[in-house]
Amino acid sequence: MLAFADALRTQLAAPLPGLDAQLRMAPRPRPGWDPLAVPEGTREAAGLLLLYPHEHTWHVLLTVRASALRHHTGQVSLPGGRVDPGETLEQAALREAFEEVGIGPDGIELVGRLTALHIPVSHHLLHPVVGVTAARPDFRIAAAEVERVIEAPLVHLRTPETVRWEQRVRERPPSVLMDVPYFDVDGVRVWGATAMVLAEFLAVLDAIDAAGHPR
């Protein structure tokens with residue numbers, strides 16, 4: 001774990017792949033969305049991209065959002081939510097992970113952040129915080145917020161065949177037909193902002209491989 005965490009920390013401190021990597025998994029077209037502009041009044045949010053070993057390989061924790069939530073119901077996301085006054089992004093990410101799936105902060109080593117991503121539907125600027133833990137967490141799901149946990153093996157996410165495409169009509173006006181890339185994980189489509197965050201993280205892993213850092 002230490003070698004992996006150190007390699008991630010080093011790479012996350014370097015210039016990030018950023019928007020170019022995020023856009024690999026962005027629906028297209030997205031009328032009216034300027035990825036470089038964050039509108040006034042956008043709220044800060046933090047999500048925890050948590051890596052842990054399970055069945056002899058590294059996994060990423062994802063959640064299926066409960067149907068009673070206001071935004072992105074039924075979609076796959078990182079544990080996360082709005083940053084409370086006085087909180088750091090890291091504190092918010094850890095708090096949300098505890099509230100949603102019962103993961104305490106002890107044993108989680110935070111190694112850096114990915115590029116912030118504006119989410120127009122919920123008017124949030126999502127800051128992905130990357131953490132590593134040495135053992136698979138004991139999940140305790142908050143049913144009001146999370147329908148279920150998805151454990152995504154990194155080796156699966158990095159397989160090209162995992163990325164697929166579909167067409168869907170944009171829910172918000174204008175109602176255009178979009179080409180939507182997604183990760184097919186455990187029979188669930190991981191798309192939108194979560195897929196874009198994962199795309200940048202996978203680009204970080206590619207950079208680690210290219211640099212020859214220990215894994």
# chains A, B, ... in the order shown; residues from 1 in each chain; ligands from 1
call {"tool": "residues_around", "arguments": {"residues": "Ile103 in chain A", "least_positions_apart": "4", "cutoff": "7 Å", "atoms": "only C-alpha atoms", "output": "ChimeraX atom specification"}}
result
/A:97-98,137,139
call {"tool": "write_last_selection", "arguments": {"atoms": "C-alpha atoms", "output": "PDB file, in the first residue's frame"}}
result
ATOM      1  CA  ALA A  97     -18.141   9.030   3.290  1.00  0.00           C
ATOM      2  CA  PHE A  98     -18.885   8.355   6.943  1.00  0.00           C
ATOM      3  CA  PRO A 137     -14.019  -1.058   4.587  1.00  0.00           C
ATOM      4  CA  PHE A 139     -19.749  -0.632   4.754  1.00  0.00           C
TER       5      PHE A 139
END
call {"tool": "residues_around", "arguments": {"residues": "range 142-153 of chain A", "least_positions_apart": "2", "cutoff": "8 Å", "atoms": "only C-alpha atoms", "output": "PyMOL selection string"}}
result
chain A and resi 57-69+74+99-102+140+155-157+185-186
call {"tool": "write_last_selection", "arguments": {"atoms": "C-alpha atoms", "output": "mmCIF file, in the first residue's frame"}}
result
data_model
loop_
_atom_site.group_PDB
_atom_site.id
_atom_site.type_symbol
_atom_site.label_atom_id
_atom_site.label_comp_id
_atom_site.auth_asym_id
_atom_site.auth_seq_id
_atom_site.Cartn_x
_atom_site.Cartn_y
_atom_site.Cartn_z
ATOM 1 C CA THR A 57 -6.580 -6.210 -6.487
ATOM 2 C CA TRP A 58 -7.291 -2.523 -5.934
ATOM 3 C CA HIS A 59 -10.900 -1.330 -5.995
ATOM 4 C CA VAL A 60 -12.643 2.060 -6.218
ATOM 5 C CA LEU A 61 -15.691 2.693 -4.047
ATOM 6 C CA LEU A 62 -18.794 3.948 -5.865
ATOM 7 C CA THR A 63 -22.360 4.387 -4.656
ATOM 8 C CA VAL A 64 -25.786 4.287 -6.282
ATOM 9 C CA ARG A 65 -27.709 7.335 -5.130
ATOM 10 C CA ALA A 66 -31.053 6.760 -3.414
ATOM 11 C CA SER A 67 -34.254 7.520 -5.331
ATOM 12 C CA ALA A 68 -35.453 10.049 -2.739
ATOM 13 C CA LEU A 69 -32.553 12.454 -3.314
ATOM 14 C CA GLY A 74 -30.290 6.391 -9.145
ATOM 15 C CA GLU A 99 -22.456 9.634 6.683
ATOM 16 C CA GLU A 100 -23.261 7.737 3.479
ATOM 17 C CA VAL A 101 -21.508 4.401 3.852
ATOM 18 C CA GLY A 102 -20.161 4.362 7.420
ATOM 19 C CA ARG A 140 -22.783 0.595 6.688
ATOM 20 C CA VAL A 155 -8.125 -3.545 -13.502
ATOM 21 C CA HIS A 156 -11.678 -3.634 -14.875
ATOM 22 C CA LEU A 157 -11.925 0.153 -15.193
ATOM 23 C CA VAL A 185 -19.367 -1.850 -13.995
ATOM 24 C CA ASP A 186 -21.253 -4.686 -12.354
#
call {"tool": "select_by_dssp", "arguments": {"residues": "range 48-211 of chain A", "states": "alpha helix (DSSP H)", "output": "JSON, numbers by chain"}}
result
{"A": [89, 90, 91, 92, 93, 94, 95, 96, 97, 98, 99, 100, 101, 154, 155, 156, 157, 192, 193, 194, 195, 196, 197, 198, 199, 200, 201, 202, 203, 204, 205, 206, 207, 208, 209, 210, 211]}
call {"tool": "write_last_selection", "arguments": {"atoms": "C-alpha atoms", "output": "PDB file, in the first residue's frame"}}
result
ATOM      1  CA  LEU A  89     -12.469  19.835   1.107  1.00  0.00           C
ATOM      2  CA  GLU A  90     -10.756  16.850   2.709  1.00  0.00           C
ATOM      3  CA  GLN A  91     -12.855  17.097   5.864  1.00  0.00           C
ATOM      4  CA  ALA A  92     -16.036  17.296   3.820  1.00  0.00           C
ATOM      5  CA  ALA A  93     -15.123  14.257   1.709  1.00  0.00           C
ATOM      6  CA  LEU A  94     -14.360  12.162   4.787  1.00  0.00           C
ATOM      7  CA  ARG A  95     -17.519  13.321   6.587  1.00  0.00           C
ATOM      8  CA  GLU A  96     -19.720  12.466   3.633  1.00  0.00           C
ATOM      9  CA  ALA A  97     -18.141   9.030   3.290  1.00  0.00           C
ATOM     10  CA  PHE A  98     -18.885   8.355   6.943  1.00  0.00           C
ATOM     11  CA  GLU A  99     -22.456   9.634   6.683  1.00  0.00           C
ATOM     12  CA  GLU A 100     -23.261   7.737   3.479  1.00  0.00           C
ATOM     13  CA  VAL A 101     -21.508   4.401   3.852  1.00  0.00           C
ATOM     14  CA  LEU A 154      -9.212  -0.874 -11.065  1.00  0.00           C
ATOM     15  CA  VAL A 155      -8.125  -3.545 -13.502  1.00  0.00           C
ATOM     16  CA  HIS A 156     -11.678  -3.634 -14.875  1.00  0.00           C
ATOM     17  CA  LEU A 157     -11.925   0.153 -15.193  1.00  0.00           C
ATOM     18  CA  GLY A 192     -21.606  11.825 -16.418  1.00  0.00           C
ATOM     19  CA  ALA A 193     -19.503  13.576 -13.782  1.00  0.00           C
ATOM     20  CA  THR A 194     -18.453  10.343 -12.059  1.00  0.00           C
ATOM     21  CA  ALA A 195     -17.172   8.870 -15.312  1.00  0.00           C
ATOM     22  CA  MET A 196     -15.312  12.097 -16.053  1.00  0.00           C
ATOM     23  CA  VAL A 197     -13.611  12.004 -12.637  1.00  0.00           C
ATOM     24  CA  LEU A 198     -12.666   8.354 -13.160  1.00  0.00           C
ATOM     25  CA  ALA A 199     -11.276   9.184 -16.608  1.00  0.00           C
ATOM     26  CA  GLU A 200      -8.852  11.682 -15.116  1.00  0.00           C
ATOM     27  CA  PHE A 201      -7.877   9.276 -12.353  1.00  0.00           C
ATOM     28  CA  LEU A 202      -7.127   6.556 -14.890  1.00  0.00           C
ATOM     29  CA  ALA A 203      -4.964   9.048 -16.792  1.00  0.00           C
ATOM     30  CA  VAL A 204      -3.059   9.646 -13.534  1.00  0.00           C
ATOM     31  CA  LEU A 205      -2.485   5.889 -13.256  1.00  0.00           C
ATOM     32  CA  ASP A 206      -1.217   5.840 -16.848  1.00  0.00           C
ATOM     33  CA  ALA A 207       1.261   8.576 -15.950  1.00  0.00           C
ATOM     34  CA  ILE A 208       2.423   6.537 -12.946  1.00  0.00           C
ATOM     35  CA  ASP A 209       3.031   3.566 -15.228  1.00  0.00           C
ATOM     36  CA  ALA A 210       4.928   5.720 -17.715  1.00  0.00           C
ATOM     37  CA  ALA A 211       7.108   7.196 -14.979  1.00  0.00           C
TER      38      ALA A 211
END
call {"tool": "select_by_dssp", "arguments": {"residues": "range 65-122 of chain A", "states": "strand (DSSP E)", "output": "number ranges by chain"}}
result
A: 65, 76-77, 80-82, 108-113, 117-119
call {"tool": "write_last_selection", "arguments": {"atoms": "C-alpha atoms", "output": "compact mmCIF listing (two decimals), in the first residue's frame"}}
result
# COMPACT_ATOMS: atom_id res chain seq x y z
CA ARG A 65 -27.71 7.33 -5.13
CA VAL A 76 -23.58 6.27 -9.64
CA SER A 77 -21.35 8.68 -7.76
CA GLY A 80 -19.65 13.09 -1.30
CA GLY A 81 -21.69 16.23 -0.94
CA ARG A 82 -21.69 19.90 -0.13
CA ILE A 108 -7.61 6.49 5.26
CA GLU A 109 -4.51 8.14 3.85
CA LEU A 110 -5.38 11.17 1.73
CA VAL A 111 -2.91 11.55 -1.13
CA GLY A 112 -4.18 14.52 -3.13
CA ARG A 113 -6.96 15.90 -5.30
CA LEU A 117 -15.43 19.62 -12.14
CA HIS A 118 -18.46 21.89 -12.55
CA ILE A 119 -21.79 20.02 -12.43
call {"tool": "atom_distance", "arguments": {"atom1": "CA of Asp6 in chain A", "atom2": "CA of Leu50 in chain A"}}
result
14.8 Å
call {"tool": "residues_around", "arguments": {"residues": "Asp84 in chain A", "least_positions_apart": "4", "cutoff": "9 Å", "atoms": "only C-alpha atoms", "output": "VMD selection string"}}
result
chain A and resid 44 to 45 88 92
call {"tool": "residues_around", "arguments": {"residues": "His123 in chain A", "least_positions_apart": "2", "cutoff": "10 Å", "atoms": "only C-alpha atoms", "output": "list in words"}}
result
Val38, Pro39, Glu40, Gly41, Thr42, Arg43, Glu44, Ala45, His118, Ile119, Pro120, Val121, Leu125 and Leu126 of chain A
call {"tool": "write_last_selection", "arguments": {"atoms": "N, CA and C atoms", "output": "PDB file, in the first residue's frame"}}
result
ATOM      1  N   VAL A  38     -17.125  28.707 -14.351  1.00  0.00           N
ATOM      2  CA  VAL A  38     -17.901  28.324 -13.168  1.00  0.00           C
ATOM      3  C   VAL A  38     -18.820  29.486 -12.813  1.00  0.00           C
ATOM      4  N   PRO A  39     -20.136  29.327 -12.978  1.00  0.00           N
ATOM      5  CA  PRO A  39     -21.057  30.445 -12.748  1.00  0.00           C
ATOM      6  C   PRO A  39     -21.030  30.933 -11.294  1.00  0.00           C
ATOM      7  N   GLU A  40     -21.321  32.212 -11.131  1.00  0.00           N
ATOM      8  CA  GLU A  40     -21.424  32.768  -9.793  1.00  0.00           C
ATOM      9  C   GLU A  40     -22.540  32.056  -9.038  1.00  0.00           C
ATOM     10  N   GLY A  41     -22.306  31.802  -7.758  1.00  0.00           N
ATOM     11  CA  GLY A  41     -23.304  31.115  -6.942  1.00  0.00           C
ATOM     12  C   GLY A  41     -23.146  29.611  -6.912  1.00  0.00           C
ATOM     13  N   THR A  42     -22.190  29.077  -7.681  1.00  0.00           N
ATOM     14  CA  THR A  42     -21.930  27.639  -7.652  1.00  0.00           C
ATOM     15  C   THR A  42     -21.406  27.243  -6.273  1.00  0.00           C
ATOM     16  N   ARG A  43     -21.916  26.139  -5.742  1.00  0.00           N
ATOM     17  CA  ARG A  43     -21.550  25.705  -4.397  1.00  0.00           C
ATOM     18  C   ARG A  43     -20.417  24.678  -4.443  1.00  0.00           C
ATOM     19  N   GLU A  44     -19.590  24.694  -3.401  1.00  0.00           N
ATOM     20  CA  GLU A  44     -18.459  23.776  -3.325  1.00  0.00           C
ATOM     21  C   GLU A  44     -18.928  22.412  -2.814  1.00  0.00           C
ATOM     22  N   ALA A  45     -18.439  21.359  -3.451  1.00  0.00           N
ATOM     23  CA  ALA A  45     -18.731  19.994  -3.021  1.00  0.00           C
ATOM     24  C   ALA A  45     -17.444  19.185  -3.065  1.00  0.00           C
ATOM     25  N   HIS A 118     -17.178  21.202 -12.726  1.00  0.00           N
ATOM     26  CA  HIS A 118     -18.461  21.891 -12.553  1.00  0.00           C
ATOM     27  C   HIS A 118     -19.593  20.977 -13.005  1.00  0.00           C
ATOM     28  N   ILE A 119     -20.626  20.849 -12.138  1.00  0.00           N
ATOM     29  CA  ILE A 119     -21.792  20.019 -12.435  1.00  0.00           C
ATOM     30  C   ILE A 119     -22.999  20.940 -12.546  1.00  0.00           C
ATOM     31  N   PRO A 120     -23.426  21.283 -13.763  1.00  0.00           N
ATOM     32  CA  PRO A 120     -24.485  22.281 -13.936  1.00  0.00           C
ATOM     33  C   PRO A 120     -25.817  21.894 -13.312  1.00  0.00           C
ATOM     34  N   VAL A 121     -26.194  20.610 -13.359  1.00  0.00           N
ATOM     35  CA  VAL A 121     -27.519  20.202 -12.889  1.00  0.00           C
ATOM     36  C   VAL A 121     -27.724  20.540 -11.419  1.00  0.00           C
ATOM     37  N   LEU A 125     -19.515  22.668  -7.710  1.00  0.00           N
ATOM     38  CA  LEU A 125     -18.166  22.453  -8.208  1.00  0.00           C
ATOM     39  C   LEU A 125     -17.592  21.306  -7.391  1.00  0.00           C
ATOM     40  N   LEU A 126     -17.456  20.152  -8.039  1.00  0.00           N
ATOM     41  CA  LEU A 126     -17.022  18.948  -7.343  1.00  0.00           C
ATOM     42  C   LEU A 126     -15.498  18.877  -7.287  1.00  0.00           C
TER      43      LEU A 126
END
call {"tool": "closest_residue", "arguments": {"among": "A:Glu171, A:Glu87, A:Glu161, A:Asp20", "to": "Asp184 in chain A", "atoms": "only C-alpha atoms"}}
result
A:Glu161
call {"tool": "closest_residue", "arguments": {"among": "A:Val190, A:Leu51, A:Ala135, A:Val180", "to": "Leu8 in chain A", "atoms": "only C-alpha atoms"}}
result
A:Leu51
call {"tool": "residues_around", "arguments": {"residues": "Val163 in chain A", "least_positions_apart": "4", "cutoff": "7 Å", "atoms": "only C-alpha atoms", "output": "PyMOL selection string"}}
result
chain A and resi 181-184
call {"tool": "write_last_selection", "arguments": {"atoms": "N, CA and C atoms", "output": "PDB file, in the first residue's frame"}}
result
ATOM      1  N   PRO A 181     -20.737   8.308 -23.295  1.00  0.00           N
ATOM      2  CA  PRO A 181     -19.829   7.219 -22.921  1.00  0.00           C
ATOM      3  C   PRO A 181     -20.068   6.823 -21.461  1.00  0.00           C
ATOM      4  N   TYR A 182     -19.853   5.556 -21.162  1.00  0.00           N
ATOM      5  CA  TYR A 182     -20.016   5.113 -19.772  1.00  0.00           C
ATOM      6  C   TYR A 182     -19.113   3.914 -19.504  1.00  0.00           C
ATOM      7  N   PHE A 183     -18.799   3.728 -18.227  1.00  0.00           N
ATOM      8  CA  PHE A 183     -18.112   2.524 -17.785  1.00  0.00           C
ATOM      9  C   PHE A 183     -19.180   1.494 -17.410  1.00  0.00           C
ATOM     10  N   ASP A 184     -19.059   0.304 -17.953  1.00  0.00           N
ATOM     11  CA  ASP A 184     -19.973  -0.781 -17.607  1.00  0.00           C
ATOM     12  C   ASP A 184     -19.369  -1.529 -16.417  1.00  0.00           C
TER      13      ASP A 184
END
